[in-house]
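Here is the file protein.txt (compact mmCIF, C-alpha atoms).
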```
# COMPACT_ATOMS: atom_id res chain seq x y z
CA MET A 1 0.00 0.00 0.00
CA THR A 2 1.64 3.24 -1.15
CA ARG A 3 -0.93 5.77 -0.06
CA THR A 4 0.27 7.94 2.83
CA VAL A 5 -1.73 9.58 5.58
CA SER A 6 -3.24 13.02 5.04
CA GLN A 7 -1.13 16.14 4.82
CA ARG A 8 -3.25 17.53 7.65
CA VAL A 9 -2.05 14.84 10.04
CA GLN A 10 1.53 15.21 8.85
CA ARG A 11 1.45 18.86 9.93
CA VAL A 12 0.98 17.97 13.59
CA LYS A 13 3.11 16.13 16.14
CA PRO A 14 2.33 13.96 19.17
CA SER A 15 1.81 15.80 22.45
CA PRO A 16 5.22 16.26 24.13
CA THR A 17 3.56 15.89 27.52
CA LEU A 18 2.03 12.53 26.62
CA VAL A 19 5.31 11.37 25.08
CA ALA A 20 7.26 12.26 28.24
CA THR A 21 4.64 10.64 30.46
CA ALA A 22 4.70 7.43 28.38
CA ARG A 23 8.50 7.33 28.47
CA ALA A 24 8.48 7.60 32.26
CA ALA A 25 5.91 4.81 32.49
CA GLN A 26 8.00 2.56 30.22
CA LEU A 27 11.11 3.04 32.34
CA ARG A 28 9.17 2.38 35.53
CA ALA A 29 7.72 -0.81 34.03
CA ALA A 30 11.29 -1.85 33.18
CA GLY A 31 12.25 -1.60 36.85
CA ARG A 32 13.71 1.93 37.01
CA ASP A 33 13.02 4.10 40.05
CA ILE A 34 11.22 6.96 38.29
CA ILE A 35 9.71 10.13 39.72
CA SER A 36 7.41 11.46 37.03
CA LEU A 37 6.72 15.20 37.15
CA THR A 38 5.26 15.20 33.64
CA ALA A 39 1.50 14.75 33.62
CA GLY A 40 -0.97 17.50 34.43
CA GLU A 41 -3.08 15.24 36.59
CA PRO A 42 -4.16 15.73 40.22
CA ASP A 43 -2.94 13.03 42.58
CA PHE A 44 -6.13 13.32 44.65
CA ALA A 45 -9.06 10.92 44.38
CA THR A 46 -12.28 12.14 42.79
CA PRO A 47 -14.47 13.46 45.66
CA ALA A 48 -16.64 10.76 47.18
CA HIS A 49 -19.97 12.48 46.55
CA VAL A 50 -19.08 12.78 42.86
CA ALA A 51 -18.19 9.11 42.55
CA GLU A 52 -21.38 8.14 44.39
CA ALA A 53 -23.48 10.10 41.89
CA ALA A 54 -21.92 8.01 39.13
CA HIS A 55 -22.70 4.79 41.01
CA GLU A 56 -26.31 5.88 41.39
CA ALA A 57 -26.51 6.63 37.67
CA ILE A 58 -25.28 3.14 36.80
CA ARG A 59 -27.63 1.47 39.26
CA GLY A 60 -30.49 3.56 37.90
CA GLY A 61 -29.80 2.56 34.31
CA PHE A 62 -28.69 6.01 33.12
CA THR A 63 -26.49 4.37 30.50
CA ARG A 64 -27.89 5.47 27.15
CA TYR A 65 -27.23 8.27 24.71
CA THR A 66 -27.99 11.79 25.87
CA ASP A 67 -28.39 15.01 23.91
CA VAL A 68 -25.21 15.64 21.91
CA GLY A 69 -24.36 18.81 23.81
CA GLY A 70 -25.15 17.53 27.29
CA THR A 71 -28.20 16.80 29.44
CA PRO A 72 -30.50 19.68 30.39
CA GLU A 73 -29.67 18.98 34.04
CA LEU A 74 -25.94 19.38 33.46
CA LYS A 75 -26.39 22.43 31.23
CA ASP A 76 -28.39 24.07 34.01
CA ALA A 77 -25.61 23.29 36.49
CA VAL A 78 -23.07 24.85 34.11
CA ILE A 79 -25.29 27.92 33.67
CA ALA A 80 -25.52 28.32 37.45
CA LYS A 81 -21.74 27.93 37.79
CA PHE A 82 -21.02 30.63 35.21
CA ALA A 83 -23.54 32.99 36.82
CA THR A 84 -22.30 32.46 40.38
CA ASP A 85 -18.55 32.31 39.81
CA ASN A 86 -18.09 34.55 36.78
CA GLY A 87 -21.13 36.81 36.50
CA LEU A 88 -21.80 35.41 32.99
CA LEU A 89 -25.40 34.71 32.02
CA TYR A 90 -26.11 32.01 29.43
CA GLU A 91 -29.10 30.05 28.17
CA ARG A 92 -29.04 26.34 27.39
CA ALA A 93 -28.52 27.00 23.68
CA GLN A 94 -25.33 28.88 24.60
CA VAL A 95 -23.79 25.97 26.53
CA LEU A 96 -21.99 22.89 25.20
CA VAL A 97 -20.71 19.95 27.25
CA SER A 98 -17.91 17.91 25.66
CA THR A 99 -15.57 15.01 26.35
CA GLY A 100 -13.07 17.19 28.17
CA ALA A 101 -12.08 20.82 27.67
CA LYS A 102 -9.59 19.56 25.09
CA GLN A 103 -12.46 18.52 22.83
CA THR A 104 -14.16 21.85 23.51
CA LEU A 105 -11.11 23.68 22.21
CA PHE A 106 -10.85 21.39 19.20
CA ASN A 107 -14.53 21.93 18.42
CA LEU A 108 -13.97 25.68 18.55
CA CYS A 109 -11.07 25.57 16.10
CA MET A 110 -12.96 23.31 13.71
CA ALA A 111 -16.13 25.41 13.88
CA LEU A 112 -14.43 28.77 13.44
CA LEU A 113 -11.34 28.53 11.26
CA ASP A 114 -11.19 28.40 7.48
CA PRO A 115 -7.99 27.57 5.56
CA GLY A 116 -5.47 30.35 6.09
CA ASP A 117 -7.26 31.95 9.05
CA GLU A 118 -4.85 32.96 11.78
CA ALA A 119 -5.13 32.08 15.47
CA LEU A 120 -3.11 34.10 17.97
CA ILE A 121 -1.44 31.97 20.66
CA PRO A 122 0.57 33.56 23.49
CA ALA A 123 3.73 31.62 24.34
CA PRO A 124 4.51 29.78 26.53
CA TYR A 125 1.37 27.87 25.50
CA TRP A 126 -0.32 24.58 26.22
CA VAL A 127 1.22 22.10 23.81
CA SER A 128 -1.97 21.27 21.91
CA TYR A 129 -3.06 24.76 20.84
CA PRO A 130 -0.91 25.13 17.68
CA ASP A 131 -1.66 21.62 16.47
CA MET A 132 -5.40 22.03 16.97
CA VAL A 133 -5.24 25.13 14.81
CA LYS A 134 -3.28 23.25 12.15
CA LEU A 135 -5.77 20.38 12.14
CA ALA A 136 -8.46 22.96 11.40
CA ASP A 137 -6.35 24.24 8.46
CA GLY A 138 -5.62 27.45 10.34
CA VAL A 139 -2.30 29.20 10.88
CA PRO A 140 -0.98 29.49 14.46
CA VAL A 141 0.63 32.88 15.12
CA ILE A 142 2.78 32.76 18.23
CA ILE A 143 3.16 35.82 20.48
CA PRO A 144 6.18 35.27 22.75
CA ALA A 145 6.11 36.47 26.36
CA GLY A 146 9.24 35.85 28.40
CA ALA A 147 10.01 35.81 32.09
CA ASP A 148 10.80 39.54 31.99
CA GLN A 149 7.09 40.20 31.46
CA GLY A 150 5.81 37.43 33.69
CA TYR A 151 5.08 35.14 30.73
CA LYS A 152 2.06 37.31 29.81
CA ILE A 153 1.53 39.20 26.56
CA THR A 154 0.91 42.94 26.53
CA ALA A 155 -1.76 44.93 24.72
CA ARG A 156 0.94 46.36 22.45
CA GLN A 157 2.09 42.86 21.46
CA LEU A 158 -1.49 41.81 20.78
CA GLU A 159 -2.13 44.80 18.53
CA ALA A 160 1.08 44.19 16.60
CA ALA A 161 0.18 40.53 15.94
CA ILE A 162 -3.29 41.19 14.50
CA THR A 163 -3.68 41.03 10.71
CA PRO A 164 -6.71 40.96 8.39
CA ARG A 165 -6.56 37.14 8.60
CA THR A 166 -6.76 37.01 12.41
CA ARG A 167 -9.87 35.10 13.46
CA LEU A 168 -9.17 33.65 16.89
CA LEU A 169 -7.25 34.38 20.10
CA LEU A 170 -6.63 31.52 22.53
CA LEU A 171 -6.04 32.83 26.04
CA ASN A 172 -5.16 30.53 28.95
CA SER A 173 -5.20 31.92 32.49
CA PRO A 174 -3.96 30.61 34.88
CA SER A 175 -1.47 29.27 32.40
CA ASN A 176 -0.25 25.81 31.64
CA PRO A 177 2.79 25.71 31.75
CA THR A 178 3.79 28.86 33.66
CA GLY A 179 1.24 29.25 36.44
CA ALA A 180 0.89 32.94 35.50
CA ALA A 181 -2.56 34.56 35.52
CA TYR A 182 -3.77 37.80 33.98
CA THR A 183 -5.06 40.45 36.36
CA ARG A 184 -8.33 42.22 35.67
CA ALA A 185 -6.43 45.35 34.60
CA GLU A 186 -4.33 43.30 32.16
CA LEU A 187 -7.44 41.70 30.69
CA GLU A 188 -9.06 45.10 30.32
CA ALA A 189 -6.01 46.36 28.41
CA LEU A 190 -6.19 43.39 26.05
CA GLY A 191 -9.91 43.99 25.73
CA GLU A 192 -9.39 47.56 24.57
CA VAL A 193 -7.39 46.22 21.63
CA LEU A 194 -9.87 43.45 20.85
CA ARG A 195 -12.80 45.86 20.82
CA LEU A 196 -11.25 47.51 17.77
CA HIS A 197 -11.19 44.21 15.86
CA PRO A 198 -14.75 42.81 15.86
CA ARG A 199 -13.92 39.84 13.62
CA ILE A 200 -11.76 38.20 16.29
CA VAL A 201 -13.33 35.53 18.51
CA VAL A 202 -11.66 34.76 21.83
CA GLY A 203 -11.47 31.31 23.36
CA THR A 204 -10.61 31.63 27.04
CA ASP A 205 -9.25 28.42 28.54
CA ASP A 206 -10.14 28.74 32.23
CA ILE A 207 -9.54 25.09 33.15
CA TYR A 208 -7.30 26.09 36.11
CA GLU A 209 -9.71 28.71 37.48
CA LYS A 210 -10.12 26.90 40.80
CA ILE A 211 -6.38 26.31 41.25
CA HIS A 212 -5.50 29.93 41.86
CA TRP A 213 -4.06 31.94 44.76
CA ALA A 214 -3.30 35.39 43.37
CA PRO A 215 -3.95 38.42 45.61
CA GLU A 216 -7.00 39.37 43.54
CA PRO A 217 -9.84 37.01 42.59
CA PHE A 218 -9.83 35.13 39.31
CA HIS A 219 -11.35 36.98 36.36
CA SER A 220 -12.36 35.53 33.02
CA LEU A 221 -12.09 37.80 29.97
CA ALA A 222 -15.83 38.18 29.31
CA GLN A 223 -16.27 39.00 32.97
CA ALA A 224 -13.56 41.68 32.94
CA VAL A 225 -14.57 43.07 29.54
CA PRO A 226 -18.36 42.70 29.13
CA ALA A 227 -18.18 44.30 25.68
CA LEU A 228 -16.56 41.06 24.45
CA TYR A 229 -19.33 38.78 25.77
CA ASP A 230 -20.84 38.30 22.29
CA ARG A 231 -17.60 36.96 20.82
CA THR A 232 -15.98 35.12 23.70
CA VAL A 233 -16.25 31.37 24.24
CA THR A 234 -15.52 30.73 27.92
CA ILE A 235 -14.11 27.22 28.36
CA ASN A 236 -13.78 25.21 31.54
CA GLY A 237 -14.01 21.67 32.86
CA LEU A 238 -13.76 19.40 35.87
CA SER A 239 -10.53 17.48 35.23
CA LYS A 240 -8.27 19.73 37.29
CA SER A 241 -10.60 21.37 39.82
CA HIS A 242 -12.34 18.17 40.95
CA ALA A 243 -9.62 15.59 40.18
CA MET A 244 -11.73 14.11 37.37
CA THR A 245 -9.24 13.72 34.51
CA GLY A 246 -10.49 10.29 33.48
CA TRP A 247 -14.16 11.27 33.60
CA ARG A 248 -13.63 13.55 30.57
CA ILE A 249 -16.05 16.43 31.06
CA GLY A 250 -15.44 19.91 29.70
CA TYR A 251 -17.92 22.67 29.00
CA CYS A 252 -18.23 26.13 27.57
CA GLY A 253 -20.56 29.10 27.22
CA GLY A 254 -20.61 31.52 24.34
CA PRO A 255 -22.46 33.06 21.40
CA ARG A 256 -25.35 30.90 20.24
CA GLU A 257 -24.16 30.72 16.61
CA ILE A 258 -20.68 29.51 17.55
CA ILE A 259 -21.95 27.05 20.16
CA THR A 260 -24.38 25.61 17.63
CA ALA A 261 -21.55 25.15 15.13
CA MET A 262 -19.36 23.49 17.78
CA ALA A 263 -22.22 21.13 18.64
CA THR A 264 -22.49 20.20 14.97
CA VAL A 265 -18.78 19.29 14.91
CA GLN A 266 -19.22 17.24 18.06
CA GLY A 267 -22.32 15.54 16.69
CA GLN A 268 -20.31 14.22 13.76
CA SER A 269 -17.33 13.12 15.84
CA THR A 270 -18.04 11.79 19.33
CA SER A 271 -21.70 12.68 19.96
CA ASN A 272 -22.53 13.08 23.65
CA PRO A 273 -20.08 12.82 26.54
CA SER A 274 -20.45 9.79 28.80
CA SER A 275 -23.88 9.72 30.43
CA ILE A 276 -22.34 8.45 33.69
CA SER A 277 -19.74 11.23 33.71
CA GLN A 278 -22.45 13.81 33.13
CA LYS A 279 -24.30 12.69 36.27
CA ALA A 280 -21.03 12.89 38.19
CA ALA A 281 -20.43 16.37 36.77
CA VAL A 282 -23.77 17.60 38.07
CA ALA A 283 -22.77 16.45 41.55
CA ALA A 284 -19.36 18.11 41.18
CA LEU A 285 -20.84 21.47 40.17
CA THR A 286 -23.79 21.55 42.56
CA GLY A 287 -22.42 19.65 45.56
CA PRO A 288 -20.04 20.69 48.37
CA GLN A 289 -17.01 22.66 47.15
CA GLY A 290 -14.85 22.33 50.25
CA CYS A 291 -12.83 19.58 48.58
CA VAL A 292 -11.85 22.00 45.81
CA ALA A 293 -10.57 24.54 48.33
CA GLU A 294 -8.62 21.85 50.19
CA MET A 295 -6.90 20.68 47.03
CA ASN A 296 -6.07 24.27 46.07
CA ALA A 297 -4.47 24.89 49.48
CA SER A 298 -2.35 21.76 49.05
CA TYR A 299 -1.20 22.82 45.59
CA ARG A 300 -0.21 26.23 46.87
CA ALA A 301 1.87 24.70 49.68
CA ARG A 302 3.58 22.38 47.21
CA HIS A 303 4.20 25.31 44.86
CA ASP A 304 5.88 27.36 47.56
CA PHE A 305 8.13 24.47 48.60
CA PHE A 306 9.01 23.27 45.11
CA VAL A 307 9.66 26.65 43.48
CA ALA A 308 11.97 27.58 46.35
CA GLY A 309 13.76 24.28 45.85
CA LEU A 310 14.16 24.84 42.10
CA ASN A 311 15.61 28.29 42.67
CA ALA A 312 18.19 26.79 45.00
CA LEU A 313 19.52 24.58 42.19
CA PRO A 314 22.57 25.82 40.28
CA GLY A 315 21.69 27.23 36.87
CA VAL A 316 17.92 27.10 37.41
CA ARG A 317 15.58 30.10 37.71
CA CYS A 318 11.86 29.80 38.31
CA LEU A 319 9.29 32.57 38.63
CA PRO A 320 6.60 31.91 41.24
CA GLY A 321 3.18 31.19 39.81
CA VAL A 322 -0.26 32.13 41.11
CA GLY A 323 -2.12 29.02 39.98
CA THR A 324 -2.10 25.57 38.33
CA PHE A 325 0.17 22.80 39.59
CA TYR A 326 3.18 23.52 37.40
CA ALA A 327 6.54 25.18 37.89
CA PHE A 328 8.12 26.50 34.70
CA ALA A 329 11.85 26.92 35.12
CA ASP A 330 14.50 28.56 32.97
CA VAL A 331 17.24 25.93 32.77
CA SER A 332 19.33 27.62 30.08
CA GLU A 333 22.24 28.36 32.42
CA ALA A 334 22.33 24.77 33.63
CA MET A 335 22.22 23.62 30.00
CA ARG A 336 25.21 25.78 29.09
CA ALA A 337 27.18 24.56 32.09
CA ARG A 338 26.57 20.96 31.05
CA GLY A 339 27.09 21.56 27.34
CA ASP A 340 23.60 20.40 26.39
CA ALA A 341 22.53 21.43 22.90
CA ASN A 342 18.94 22.19 23.88
CA ASP A 343 16.32 21.69 26.57
CA MET A 344 15.22 18.34 25.13
CA VAL A 345 18.75 16.97 25.54
CA PHE A 346 18.83 18.41 29.07
CA CYS A 347 15.55 16.75 30.07
CA ASP A 348 16.58 13.42 28.55
CA ALA A 349 19.87 13.54 30.46
CA LEU A 350 18.03 14.44 33.67
CA LEU A 351 15.77 11.43 33.28
CA GLU A 352 18.60 9.03 32.46
CA ALA A 353 20.85 10.20 35.30
CA THR A 354 18.34 10.79 38.09
CA GLY A 355 15.08 9.10 37.15
CA VAL A 356 13.26 12.46 37.35
CA ALA A 357 10.98 12.91 34.35
CA VAL A 358 9.94 16.41 33.25
CA VAL A 359 8.74 18.01 29.99
CA SER A 360 11.06 20.17 27.90
CA GLY A 361 10.05 23.78 27.37
CA SER A 362 10.33 23.67 23.59
CA GLY A 363 7.03 21.82 23.42
CA PHE A 364 5.42 24.84 25.07
CA GLY A 365 7.05 27.34 22.72
CA ALA A 366 9.73 28.30 25.25
CA PRO A 367 13.15 26.78 24.49
CA GLY A 368 15.59 26.69 27.39
CA HIS A 369 12.87 25.85 29.91
CA ALA A 370 11.42 22.78 31.58
CA ARG A 371 7.97 22.17 33.05
CA PHE A 372 7.65 20.39 36.39
CA SER A 373 4.27 19.15 37.61
CA PHE A 374 4.05 19.27 41.40
CA ALA A 375 0.73 17.40 41.46
CA THR A 376 2.36 14.56 43.35
CA ARG A 377 3.17 13.63 46.93
CA PRO A 378 5.37 16.13 48.82
CA GLU A 379 7.89 13.43 49.73
CA LEU A 380 8.42 12.69 46.04
CA LEU A 381 8.90 16.39 45.31
CA HIS A 382 11.55 16.50 48.04
CA GLU A 383 13.27 13.43 46.63
CA ALA A 384 13.20 14.87 43.09
CA LEU A 385 14.89 18.07 44.28
CA GLU A 386 17.53 16.04 46.11
CA ARG A 387 18.30 14.00 42.99
CA MET A 388 18.48 17.08 40.76
CA ALA A 389 20.72 18.91 43.23
CA GLY A 390 23.18 16.03 43.27
CA TRP A 391 23.17 15.79 39.48
CA LEU A 392 23.62 19.52 38.83
```
This entry written out as structure tokens:
Amino acid sequence: MTRTVSQRVQRVKPSPTLVATARAAQLRAAGRDIISLTAGEPDFATPAHVAEAAHEAIRGGFTRYTDVGGTPELKDAVIAKFATDNGLLYERAQVLVSTGAKQTLFNLCMALLDPGDEALIPAPYWVSYPDMVKLADGVPVIIPAGADQGYKITARQLEAAITPRTRLLLLNSPSNPTGAAYTRAELEALGEVLRLHPRIVVGTDDIYEKIHWAPEPFHSLAQAVPALYDRTVTINGLSKSHAMTGWRIGYCGGPREIITAMATVQGQSTSNPSSISQKAAVAALTGPQGCVAEMNASYRARHDFFVAGLNALPGVRCLPGVGTFYAFADVSEAMRARGDANDMVFCDALLEATGVAVVSGSGFGAPGHARFSFATRPELLHEALERMAGWL
């Protein structure tokens, strides 16, 4: 058979995070003592009341297809969440529930972008954004934001990146991989630019909203800049906030026309999310939220310990974050001292020598960096720092 796969697929690459996670798992299966700081996955169990709701759904026979975009019960829970937490008012036709926020983002790209349309992506970025844009035949336009500006783009940078082909801005706050979050004033400044360009739709990836400890409360873009409500798709999910990665539930609210188009894409790909997971999601959104606060407090304590430990390592510099469960460190000085050609070589050498697995910064659009997930037991974080200190 001589036929090759599509050019579309050849334009994209496997997720660096998943590759690093799989490599760590392979080495562990082979008998190596591996500490994996790769995956963005909470180490907590799904809250008991959420799991019980799923059990009840199974026992009650709630195991058939649902509406493509989610059950009315879950849509109502999402609507209440947006209203209470973000001051955003939506109707059912403006809400879509998907198999994870990752599918929500993919649906958005597929529903919005035509060949050649440009999507603005601040860097460092989540690894999947550029490839999602490419799969939709769009053109990712990267806006770099270094440590000197807190890994956040400015209004001036945003204005300079906009062209007549710009159709979409993907904005992630708090950020994977950096842990940085935009303040309300910073969002308002970006909003002033966006108001002058009415063709641009904004997808705000708020998946880490509940893992946040900045001095001021979390703000989503449509909340900070109400004038952008009619062209902002606000995206969230339960994987991170409620330790529900495997349940695969994401959701969004936005303009009716765009949400309808996203539902059409979903209807021809996966159809509805798991019926069982949807029942669990209702319990997660409407039930007690103390578990979310407890997990957030634990992540903050781990952040403070681990970032301090990274900054004590020779040749490593790490800005403190205000959310997520990642530390994003500049390892360029350590690379130079070792003679490593790039951050991928550095991370491979770190894994081979110490058994500590991390993700290289190049996959996030930030060469010379490495991402460390501290969503693991504190004693393992301590051991990882000890191993890296001895190696460096």
Residues proximal to (-15.5, 37.8, 27.6) were defined as those with any atom within 8 Å of that point in the file's coordinates, counting all atoms listed in the file. Which are they, as a list in words?
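Checked against the point, the hits come out as Val202, Thr204, Ser220, Leu221, Ala222, Gln223, Ala224, Val225, Pro226, Ala227, Leu228, Tyr229, Asp230, Arg231, Thr232, Val233 and Thr234 of chain A.
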Distance criterion (all atoms listed in the file): nearest to Ala136 in chain A out of A:Arg256, A:Arg377, A:Arg387, A:Arg11
A:Arg11
I'd like the interatomic distance between CA of Gly116 in chain A and CA of Thr4 in chain A, to a tenth of an Å.
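Going from CA of Gly116 in chain A over to CA of Thr4 in chain A, I get 23.4 Å.
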As a VMD selection string, please: the residues near Pro14 in chain A (cut-off 10 Å, all atoms listed in the file, same-chain neighbours under 6 positions excluded).
chain A and resid 127 to 128 131
Residues near Ser36 in chain A, anyone? I mean within 10 Å using only C-alpha atoms, not counting same-chain ones fewer than 5 positions away, as a ChimeraX atom specification.
/A:20-25,28,351,355-359,372-376,380-381,384
Name the residues in contact with range 316-331 of chain A at a cut-off of 9 Å, using all atoms listed in the file, excluding same-chain residues fewer than 3 positions from it; report them as a ChimeraX atom specification.
/A:40-42,147,150,173-181,208-215,240,296,299-300,302-304,306-308,310-313,334-336,343,346,361,367-375
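When the distance limit is 7 Å and all atoms listed in the file are what count, the residues near range 265-267 of chain A, minus those fewer than 5 positions from it on the same chain, are Val68, Asn107 and Ala111 of chain A.
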From (-18.3, 15.1, 41.2), in the file's coordinates, out to 8 Å: which residues are reached, counting all atoms listed in the file? Answer as a VMD selection string.
chain A and resid 46 to 51 53 242 244 280 to 285 287
Can I get the selected residues back with C-alpha atoms, as a PDB file, in the frame of the given file?
```pdb
ATOM      1  CA  THR A  46     -12.280  12.140  42.790  1.00  0.00           C
ATOM      2  CA  PRO A  47     -14.470  13.460  45.660  1.00  0.00           C
ATOM      3  CA  ALA A  48     -16.640  10.760  47.180  1.00  0.00           C
ATOM      4  CA  HIS A  49     -19.970  12.480  46.550  1.00  0.00           C
ATOM      5  CA  VAL A  50     -19.080  12.780  42.860  1.00  0.00           C
ATOM      6  CA  ALA A  51     -18.190   9.110  42.550  1.00  0.00           C
ATOM      7  CA  ALA A  53     -23.480  10.100  41.890  1.00  0.00           C
ATOM      8  CA  HIS A 242     -12.340  18.170  40.950  1.00  0.00           C
ATOM      9  CA  MET A 244     -11.730  14.110  37.370  1.00  0.00           C
ATOM     10  CA  ALA A 280     -21.030  12.890  38.190  1.00  0.00           C
ATOM     11  CA  ALA A 281     -20.430  16.370  36.770  1.00  0.00           C
ATOM     12  CA  VAL A 282     -23.770  17.600  38.070  1.00  0.00           C
ATOM     13  CA  ALA A 283     -22.770  16.450  41.550  1.00  0.00           C
ATOM     14  CA  ALA A 284     -19.360  18.110  41.180  1.00  0.00           C
ATOM     15  CA  LEU A 285     -20.840  21.470  40.170  1.00  0.00           C
ATOM     16  CA  GLY A 287     -22.420  19.650  45.560  1.00  0.00           C
TER      17      GLY A 287
END
```
